[in-house]
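Text of upload-v2.txt (compact mmCIF, C-alpha atoms and all ligand atoms) as supplied:
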# COMPACT_ATOMS: atom_id res chain seq x y z
CA MET A 1 23.47 25.26 -8.89
CA ALA A 2 20.59 23.72 -10.83
CA ALA A 3 21.20 20.30 -12.36
CA GLN A 4 22.19 19.98 -15.99
CA ILE A 5 19.33 18.52 -17.99
CA ILE A 6 20.01 15.22 -19.74
CA ASP A 7 18.21 16.05 -22.96
CA GLY A 8 16.76 12.79 -24.30
CA LYS A 9 15.43 14.51 -27.42
CA GLN A 10 18.83 15.86 -28.44
CA LEU A 11 20.57 12.58 -27.68
CA SER A 12 17.93 10.68 -29.64
CA PHE A 13 18.41 12.95 -32.69
CA ALA A 14 22.10 12.07 -32.72
CA VAL A 15 21.28 8.34 -32.63
CA ARG A 16 18.68 8.75 -35.38
CA ARG A 17 21.19 10.52 -37.62
CA GLN A 18 23.63 7.68 -37.02
CA VAL A 19 20.95 5.09 -37.85
CA ALA A 20 19.93 6.96 -41.02
CA ARG A 21 23.57 7.03 -42.15
CA ARG A 22 24.02 3.32 -41.53
CA VAL A 23 20.76 2.41 -43.30
CA ALA A 24 21.84 4.49 -46.32
CA GLU A 25 25.22 2.75 -46.37
CA PHE A 26 23.81 -0.80 -46.10
CA GLY A 27 23.34 -2.58 -49.38
CA HIS A 28 20.07 -4.08 -48.11
CA SER A 29 16.73 -2.72 -46.97
CA VAL A 30 16.01 -2.47 -43.25
CA ARG A 31 12.49 -3.18 -42.04
CA LEU A 32 10.50 -3.38 -38.83
CA ASP A 33 7.39 -5.56 -38.54
CA ALA A 34 5.05 -4.60 -35.71
CA VAL A 35 1.99 -6.44 -34.44
CA ILE A 36 -1.06 -4.80 -32.83
CA VAL A 37 -3.86 -6.92 -31.41
CA GLY A 38 -7.23 -5.26 -30.74
CA GLU A 39 -8.02 -1.60 -30.20
CA ASP A 40 -5.76 0.43 -27.96
CA ARG A 41 -5.39 4.15 -28.49
CA GLY A 42 -1.96 4.25 -26.89
CA ALA A 43 -0.66 1.46 -29.13
CA ASP A 44 -2.21 3.16 -32.20
CA ILE A 45 -0.47 6.44 -31.43
CA TYR A 46 2.80 4.60 -30.79
CA ALA A 47 2.48 2.70 -34.09
CA HIS A 48 1.67 5.91 -35.99
CA ASN A 49 4.76 7.59 -34.54
CA GLN A 50 6.86 4.51 -35.28
CA ARG A 51 5.86 4.61 -38.93
CA LYS A 52 6.86 8.28 -39.16
CA THR A 53 10.11 7.79 -37.28
CA CYS A 54 11.09 4.73 -39.32
CA ALA A 55 10.35 6.57 -42.57
CA ALA A 56 12.56 9.45 -41.46
CA VAL A 57 15.60 7.16 -41.11
CA GLY A 58 14.86 4.96 -44.14
CA ILE A 59 13.45 1.93 -42.31
CA GLU A 60 10.44 0.16 -43.91
CA TYR A 61 7.55 -0.26 -41.47
CA HIS A 62 4.98 -3.04 -41.75
CA LEU A 63 2.06 -3.13 -39.32
CA HIS A 64 0.11 -6.37 -38.81
CA ARG A 65 -3.27 -5.96 -37.14
CA LEU A 66 -5.35 -8.67 -35.51
CA PRO A 67 -8.85 -8.12 -34.08
CA THR A 68 -9.52 -8.19 -30.31
CA GLU A 69 -11.40 -11.49 -30.53
CA VAL A 70 -8.39 -13.55 -31.63
CA GLY A 71 -6.96 -16.07 -29.20
CA TYR A 72 -3.41 -16.85 -28.15
CA ASN A 73 -2.89 -19.34 -30.99
CA GLU A 74 -3.68 -16.86 -33.77
CA ILE A 75 -1.24 -14.33 -32.33
CA ALA A 76 1.37 -17.06 -31.88
CA ASP A 77 0.87 -18.18 -35.51
CA LEU A 78 1.42 -14.64 -36.77
CA VAL A 79 4.64 -14.25 -34.75
CA ILE A 80 5.92 -17.67 -35.83
CA GLY A 81 5.12 -16.80 -39.47
CA LEU A 82 7.15 -13.58 -39.15
CA ASN A 83 10.00 -15.56 -37.55
CA GLN A 84 10.03 -17.89 -40.55
CA ASP A 85 9.84 -15.14 -43.18
CA ASP A 86 13.42 -14.39 -44.29
CA SER A 87 12.45 -10.92 -45.50
CA VAL A 88 11.46 -9.98 -41.91
CA THR A 89 14.45 -9.08 -39.75
CA ALA A 90 12.91 -7.11 -36.87
CA ILE A 91 9.72 -7.89 -34.94
CA MET A 92 7.92 -6.13 -32.10
CA VAL A 93 4.53 -6.82 -30.52
CA HIS A 94 2.68 -3.81 -29.15
CA MET A 95 1.42 -4.02 -25.59
CA PRO A 96 -1.09 -4.39 -24.07
CA LEU A 97 -2.48 -7.58 -25.55
CA PRO A 98 -6.21 -8.20 -24.98
CA ASP A 99 -7.27 -9.48 -21.54
CA GLY A 100 -6.53 -13.12 -20.99
CA ILE A 101 -3.62 -13.32 -23.46
CA GLU A 102 -0.38 -14.12 -21.69
CA SER A 103 2.01 -11.52 -23.09
CA GLU A 104 5.18 -13.16 -21.78
CA GLY A 105 4.31 -16.31 -23.72
CA ILE A 106 3.98 -14.31 -26.95
CA GLN A 107 7.18 -12.34 -26.27
CA SER A 108 9.07 -15.59 -25.70
CA LEU A 109 8.04 -16.75 -29.18
CA ILE A 110 9.76 -13.89 -31.00
CA ASP A 111 12.97 -15.16 -32.59
CA PRO A 112 15.76 -13.69 -30.38
CA VAL A 113 17.70 -12.43 -33.44
CA LYS A 114 14.62 -10.47 -34.61
CA ASP A 115 13.47 -9.37 -31.12
CA VAL A 116 14.35 -5.67 -31.36
CA GLU A 117 12.65 -4.71 -28.12
CA GLY A 118 14.75 -7.29 -26.29
CA VAL A 119 11.75 -8.85 -24.56
CA ASN A 120 12.51 -12.52 -25.22
CA PRO A 121 14.04 -13.99 -22.03
CA ALA A 122 17.00 -15.14 -24.18
CA ASN A 123 17.86 -11.52 -24.97
CA ILE A 124 17.37 -10.39 -21.40
CA GLY A 125 19.73 -13.21 -20.40
CA ASN A 126 22.24 -12.17 -23.08
CA ILE A 127 22.96 -8.93 -21.31
CA VAL A 128 24.40 -10.85 -18.38
CA TYR A 129 26.96 -12.19 -20.84
CA GLY A 130 27.77 -8.77 -22.28
CA ARG A 131 25.96 -8.73 -25.63
CA ARG A 132 24.72 -5.24 -26.10
CA SER A 133 22.84 -5.42 -29.40
CA LEU A 134 19.30 -6.61 -28.71
CA VAL A 135 18.87 -5.61 -25.09
CA PRO A 136 15.65 -4.05 -23.80
CA CYS A 137 15.41 -0.58 -25.34
CA THR A 138 14.50 1.34 -22.18
CA ALA A 139 17.41 -0.15 -20.24
CA LEU A 140 19.78 0.69 -23.06
CA ALA A 141 18.33 4.21 -23.27
CA SER A 142 18.85 4.74 -19.54
CA LEU A 143 22.47 3.58 -19.74
CA GLU A 144 23.20 5.86 -22.73
CA MET A 145 21.75 8.80 -20.84
CA ILE A 146 23.85 8.08 -17.77
CA GLU A 147 26.97 7.68 -19.91
CA SER A 148 26.24 10.97 -21.69
CA THR A 149 26.94 12.82 -18.43
CA GLY A 150 30.52 11.54 -18.37
CA VAL A 151 30.10 10.01 -14.88
CA GLU A 152 32.65 7.29 -14.09
CA LEU A 153 30.49 4.22 -13.56
CA ARG A 154 33.23 1.85 -12.42
CA GLY A 155 33.23 1.95 -8.63
CA SER A 156 30.26 4.33 -8.45
CA ARG A 157 27.20 3.53 -6.37
CA CYS A 158 24.02 3.12 -8.41
CA VAL A 159 20.55 2.70 -6.95
CA ILE A 160 17.72 1.44 -9.16
CA VAL A 161 14.20 2.02 -7.88
CA GLY A 162 11.92 -0.59 -9.48
CA ALA A 163 12.89 -4.10 -10.49
CA SER A 164 10.59 -5.27 -13.28
CA ASN A 165 11.94 -7.88 -15.69
CA ILE A 166 11.86 -5.56 -18.67
CA VAL A 167 13.00 -2.26 -17.14
CA GLY A 168 14.49 -2.19 -13.62
CA LYS A 169 16.37 -5.50 -13.63
CA PRO A 170 18.03 -5.05 -17.06
CA ILE A 171 19.15 -1.54 -16.06
CA ALA A 172 20.72 -3.01 -12.91
CA VAL A 173 22.53 -5.68 -14.95
CA LEU A 174 23.88 -3.14 -17.48
CA LEU A 175 25.26 -1.06 -14.61
CA MET A 176 26.78 -4.16 -13.01
CA ARG A 177 28.49 -4.84 -16.31
CA ALA A 178 30.02 -1.38 -16.08
CA GLU A 179 31.45 -2.50 -12.71
CA ALA A 180 29.34 -0.14 -10.65
CA THR A 181 28.11 -1.12 -7.20
CA VAL A 182 24.42 -1.65 -7.83
CA ILE A 183 21.53 -1.70 -5.40
CA SER A 184 18.18 -2.88 -6.74
CA THR A 185 15.11 -1.77 -4.81
CA ASN A 186 11.38 -2.44 -5.08
CA LYS A 187 8.09 -1.59 -3.35
CA HIS A 188 9.02 -3.79 -0.36
CA THR A 189 12.39 -2.12 0.23
CA GLN A 190 12.82 -0.75 3.76
CA GLY A 191 14.47 2.63 4.18
CA LEU A 192 14.33 3.62 0.50
CA ASP A 193 15.07 7.26 1.31
CA GLU A 194 18.41 6.54 2.99
CA ILE A 195 19.43 4.08 0.29
CA CYS A 196 18.69 6.59 -2.48
CA ARG A 197 20.62 9.31 -0.64
CA THR A 198 23.81 7.24 -0.99
CA ALA A 199 23.54 7.02 -4.80
CA ASP A 200 25.99 8.60 -7.21
CA VAL A 201 23.57 7.47 -9.92
CA LEU A 202 19.87 7.13 -9.15
CA VAL A 203 17.47 5.59 -11.67
CA SER A 204 13.77 5.52 -10.92
CA ALA A 205 11.55 3.07 -12.82
CA ALA A 206 8.70 2.54 -10.39
CA GLY A 207 5.76 4.26 -12.08
CA VAL A 208 4.95 6.33 -8.96
CA PRO A 209 4.62 10.09 -9.53
CA GLY A 210 6.55 12.23 -7.06
CA LEU A 211 8.29 9.21 -5.48
CA ILE A 212 11.79 10.69 -5.62
CA THR A 213 11.99 13.89 -3.61
CA ARG A 214 14.79 16.35 -2.96
CA ASP A 215 15.76 14.81 0.40
CA MET A 216 16.38 11.43 -1.30
CA VAL A 217 19.03 12.77 -3.68
CA LYS A 218 22.72 13.26 -2.93
CA SER A 219 24.14 16.59 -4.00
CA GLY A 220 25.57 16.31 -7.52
CA ALA A 221 24.05 12.88 -8.25
CA VAL A 222 23.01 11.76 -11.75
CA VAL A 223 19.25 11.14 -11.70
CA VAL A 224 17.49 9.34 -14.55
CA ASP A 225 13.69 9.26 -14.48
CA VAL A 226 12.20 6.33 -16.40
CA GLY A 227 8.67 6.68 -15.01
CA ILE A 228 5.80 7.69 -17.27
CA ASN A 229 2.70 8.61 -15.30
CA ARG A 230 -0.50 10.39 -16.33
CA ILE A 231 -1.88 12.65 -13.62
CA PRO A 232 -4.50 15.41 -13.55
CA GLY A 233 -2.91 18.70 -14.65
CA PRO A 234 -3.65 22.24 -13.48
CA ASP A 235 -6.04 22.92 -16.38
CA GLY A 236 -8.28 19.92 -15.86
CA GLY A 237 -6.70 17.68 -18.50
CA ASN A 238 -4.08 15.01 -17.83
CA ILE A 239 -0.35 15.62 -17.96
CA THR A 240 2.62 13.25 -18.20
CA VAL A 241 5.12 13.24 -15.36
CA GLY A 242 7.90 10.93 -14.23
CA ASP A 243 8.69 9.48 -10.79
CA VAL A 244 10.93 12.38 -9.80
CA ALA A 245 9.68 15.61 -8.24
CA PHE A 246 11.47 17.51 -10.99
CA ASP A 247 11.55 21.10 -9.71
CA GLU A 248 12.87 20.29 -6.24
CA VAL A 249 15.30 17.52 -7.30
CA ARG A 250 16.74 19.83 -9.95
CA GLU A 251 18.08 22.01 -7.12
CA VAL A 252 20.31 19.23 -5.72
CA ALA A 253 21.11 16.79 -8.54
CA GLY A 254 24.12 17.25 -10.81
CA HIS A 255 22.32 15.88 -13.89
CA LEU A 256 18.63 15.13 -14.27
CA SER A 257 16.54 13.69 -17.10
CA PRO A 258 13.11 15.27 -17.65
CA VAL A 259 9.74 13.63 -18.39
CA PRO A 260 8.64 14.09 -21.09
CA GLY A 261 11.73 14.54 -23.28
CA GLY A 262 14.05 12.15 -21.45
CA VAL A 263 14.17 8.36 -21.53
CA GLY A 264 11.08 8.15 -23.79
CA PRO A 265 12.61 9.52 -27.03
CA MET A 266 15.86 7.66 -26.35
CA THR A 267 13.92 4.39 -26.03
CA VAL A 268 12.53 4.92 -29.54
CA ALA A 269 16.04 5.68 -30.82
CA MET A 270 17.32 2.44 -29.27
CA LEU A 271 14.55 0.53 -31.04
CA LEU A 272 15.74 1.99 -34.36
CA ARG A 273 19.31 1.10 -33.54
CA ASN A 274 18.35 -2.46 -32.59
CA THR A 275 16.37 -2.72 -35.85
CA CYS A 276 19.51 -1.75 -37.73
CA GLU A 277 21.57 -4.36 -35.84
CA ALA A 278 18.96 -7.06 -36.44
CA SER A 279 19.04 -6.46 -40.19
CA LEU A 280 22.67 -7.66 -40.15
CA GLY A 281 21.42 -11.12 -39.04
P1 LIG A 301 6.18 -2.46 -13.24
O1 LIG A 301 4.89 -2.06 -12.58
O2 LIG A 301 6.29 -3.74 -13.96
O3 LIG A 301 7.32 -2.47 -12.09
C1 LIG A 301 7.41 -1.44 -11.15
C2 LIG A 301 8.55 -1.74 -10.19
O4 LIG A 301 8.65 -0.65 -9.30
C3 LIG A 301 8.35 -2.98 -9.33
O5 LIG A 301 9.58 -3.66 -9.15
C4 LIG A 301 7.85 -2.42 -7.99
O6 LIG A 301 8.17 -3.26 -6.88
C5 LIG A 301 8.60 -1.10 -7.94
N1 LIG A 301 7.90 -0.10 -7.14
C6 LIG A 301 6.61 0.26 -7.20
N2 LIG A 301 6.32 1.19 -6.26
C7 LIG A 301 7.48 1.41 -5.59
C8 LIG A 301 7.82 2.23 -4.49
N3 LIG A 301 6.91 3.03 -3.90
N4 LIG A 301 9.09 2.20 -4.06
C9 LIG A 301 10.01 1.40 -4.64
N5 LIG A 301 9.74 0.59 -5.69
C10 LIG A 301 8.48 0.59 -6.13
O7 LIG A 301 6.56 -1.24 -14.16
P2 LIG A 301 7.60 -1.16 -15.40
O8 LIG A 301 6.98 -1.78 -16.61
O9 LIG A 301 8.95 -1.58 -14.96
O10 LIG A 301 7.59 0.42 -15.66
C11 LIG A 301 8.04 1.31 -14.64
C12 LIG A 301 7.78 2.73 -15.09
O11 LIG A 301 8.58 2.99 -16.25
C13 LIG A 301 6.35 3.02 -15.51
O12 LIG A 301 6.02 4.35 -15.15
C14 LIG A 301 6.37 2.88 -17.01
O13 LIG A 301 5.36 3.65 -17.66
C15 LIG A 301 7.74 3.45 -17.30
N6 LIG A 301 8.32 2.99 -18.58
C16 LIG A 301 8.91 3.95 -19.34
C17 LIG A 301 9.48 3.60 -20.54
C18 LIG A 301 10.13 4.67 -21.36
O14 LIG A 301 10.36 4.47 -22.55
N7 LIG A 301 10.48 5.81 -20.78
C19 LIG A 301 9.44 2.29 -20.99
C20 LIG A 301 8.89 1.31 -20.17
C21 LIG A 301 8.32 1.68 -18.94

Serialized structure, structure tokens:
Amino acid sequence: MAAQIIDGKQLSFAVRRQVARRVAEFGHSVRLDAVIVGEDRGADIYAHNQRKTCAAVGIEYHLHRLPTEVGYNEIADLVIGLNQDDSVTAIMVHMPLPDGIESEGIQSLIDPVKDVEGVNPANIGNIVYGRRSLVPCTALASLEMIESTGVELRGSRCVIVGASNIVGKPIAVLLMRAEATVISTNKHTQGLDEICRTADVLVSAAGVPGLITRDMVKSGAVVVDVGINRIPGPDGGNITVGDVAFDEVREVAGHLSPVPGGVGPMTVAMLLRNTCEASLG
């Protein structure tokens, strides 16, 4: 039987409705301040969508733009200024930053209580201690999608493919907190196929199209595809795909998240939810 689709769009609508209700009930305004440095089409599109999405749930959106030529110190000054401004409760810095600017340094400057993407190392560390509010949005989105299937995480075997600081590792920690048995893998892992085949829950966040094939998936497993890859499509233009060979894995998995329409929209919903949380101080 074909896998049930974990519909990130539907799940994200439910979260957005919840956020809109909370914002309407709060006696204070909720706002998100975003920073873009330089010209990046991807970041521009993301910011444009953010503005629309925020407006739809009643969140004020303020975009701060700096030109490409600025140095680290000017970006740092802007972030520090936003940290110090009491009317600002949620901050995010769009990636990529211009060449030569150390993004981790800038992310570490964001006040942890305003860091709604959960990129400050303090917030990444917080998840080890069980604080769920300002954790990295993609990790939170992946967990919500897994939980939506009703799978019992305690005692289950979870394999995470990809171990970056902002995606793979936080997902592994969230699953450890749910008392799953978690195996973290990376590009140096030997015997990835066999390891994946043992997973009750398989999450791929490697950024490699077609990495997860049918023979790597246990029958009935929950498979969450975090990858976002642009590849040439059949009509000459580029298309977006995940890490999972969707059509063939669908035949064996129990639940499968699609790309697009999976983790992506849920990540945006988690950003809105974190923005709501941050407004409470
Ligand atoms: P990254 O490049 O920082 O890390 C990739 C990780 O995957 C590394 O740990 C690497 O060792 C591992 N890896 C690479 N090739 C592998 C292989 N063949 N086998 C096993 N492991 C392998 O990337 P990232 O920032 O963590 O992002 C990962 C993917 O998730 C990308 O496609 C990115 O676009 C996507 N992403 C999606 C969202 C979303 O909202 N859906 C958000 C962030 C990132």

Item to complete: Write out as a PyMOL selection string each polymer residue (protein, DNA or RNA) that has an atom no more than 9 Å from ligand LIG 301 (chain A), with only C-alpha atoms and all ligand atoms counted.
Response: chain A and resi 137-139+141-142+160-169+184-189+192+204-209+211+225-230+241-243+259-260+262-268

Counting only C-alpha atoms, give me one row per residue of region 103-192 of chain A with an atom at most 12 Å from an atom of region 55-77 of chain A, showing the shortest contact pair and its distance in Å to one decimal, sorted by chain then residue number, as JSON lines.
{"residue": "A:Ser103", "atom": "CA", "partner": "A:Tyr72", "partner_atom": "CA", "distance": 9.1}
{"residue": "A:Glu104", "atom": "CA", "partner": "A:Tyr72", "partner_atom": "CA", "distance": 11.3}
{"residue": "A:Gly105", "atom": "CA", "partner": "A:Ala76", "partner_atom": "CA", "distance": 8.7}
{"residue": "A:Ile106", "atom": "CA", "partner": "A:Ala76", "partner_atom": "CA", "distance": 6.2}
{"residue": "A:Gln107", "atom": "CA", "partner": "A:Ala76", "partner_atom": "CA", "distance": 9.4}
{"residue": "A:Ser108", "atom": "CA", "partner": "A:Ala76", "partner_atom": "CA", "distance": 10.0}
{"residue": "A:Leu109", "atom": "CA", "partner": "A:Ala76", "partner_atom": "CA", "distance": 7.2}
{"residue": "A:Ile110", "atom": "CA", "partner": "A:Ala76", "partner_atom": "CA", "distance": 9.0}
{"residue": "A:Asp111", "atom": "CA", "partner": "A:Ala76", "partner_atom": "CA", "distance": 11.8}

Discussion item. Just checking: using all atoms listed in the file, which residue out of A:Gln18, A:Lys114, A:Ala24, A:Met95 ends up closest to Ala278 (chain A)?
Written reply: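 The shortest atom-to-atom distance to Ala278 (chain A) comes from A:Lys114.
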
Fill in: Shell of 10 Å around Glu179 (chain A), all atoms listed in the file, local chain residues under 4 positions omitted, as an NGL selection string
:A and (152-157 or 173-175)

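With CA of Gln50 (chain A) on one side and CA of Gln10 (chain A) on the other, the separation reads 17.9 Å.
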
Worksheet item: From the set A:Val128, A:Ile80, A:Ala269, A:Leu32, which residue has the shortest atom-to-atom contact distance to Leu11 (chain A), counting all atoms listed in the file?
Response: A:Ala269

Worksheet, complete the sentence: Here CA of Val201 (chain A) and CA of Val223 (chain A) stand apart by 5.9 Å

Practice prompt. Could you pull out every residue with an atom within 7 Å of (20.2, -4.5, -30.5), file coordinates, counting all atoms listed in the file, and send them as a VMD selection string?
Written response: chain A and resid 116 132 to 135 273 to 275 277 to 278

Worksheet item: By how many Å are CA of Ser87 (chain A) and CA of His28 (chain A) apart?
Response: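 Answer for the CA of Ser87 (chain A) to CA of His28 (chain A) separation: 10.6 Å.
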
Discussion item. For a quick check of understanding, using all atoms listed in the file, which of A:Ile146, A:Ile91, A:Ala3, A:Val23 has the smallest distance to Val35 (chain A)?
Written reply: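 Checking each candidate against Val35 (chain A), we get A:Ile91 as the closest.
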
Item to complete: Rank A:Asp235, A:Asp40, A:Asp33, A:Asp85 by their smallest atom-to-atom distance to Asp115 (chain A), using only C-alpha atoms, and report the top residue only.
Response: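 Between A:Asp235, A:Asp40, A:Asp33, A:Asp85, the residue approaching Asp115 (chain A) most closely is A:Asp33.
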
Discussion item. Need the shell around Thr149 (chain A): protein/DNA/RNA residues with any atom at most 10 Å away, counting all atoms listed in the file. Skip same-chain ones fewer than 3 positions apart. Format as a VMD selection string?
Written reply: chain A and resid 4 to 6 144 to 146 152 222 254 to 256

Worksheet item: Pick from A:Ile36, A:Ala90, A:Val79, A:Ile183: nearest to Glu117 (chain A), with all atoms listed in the file counted?
Response: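 With all atoms listed in the file as the atom set, the closest residue is A:Ala90.
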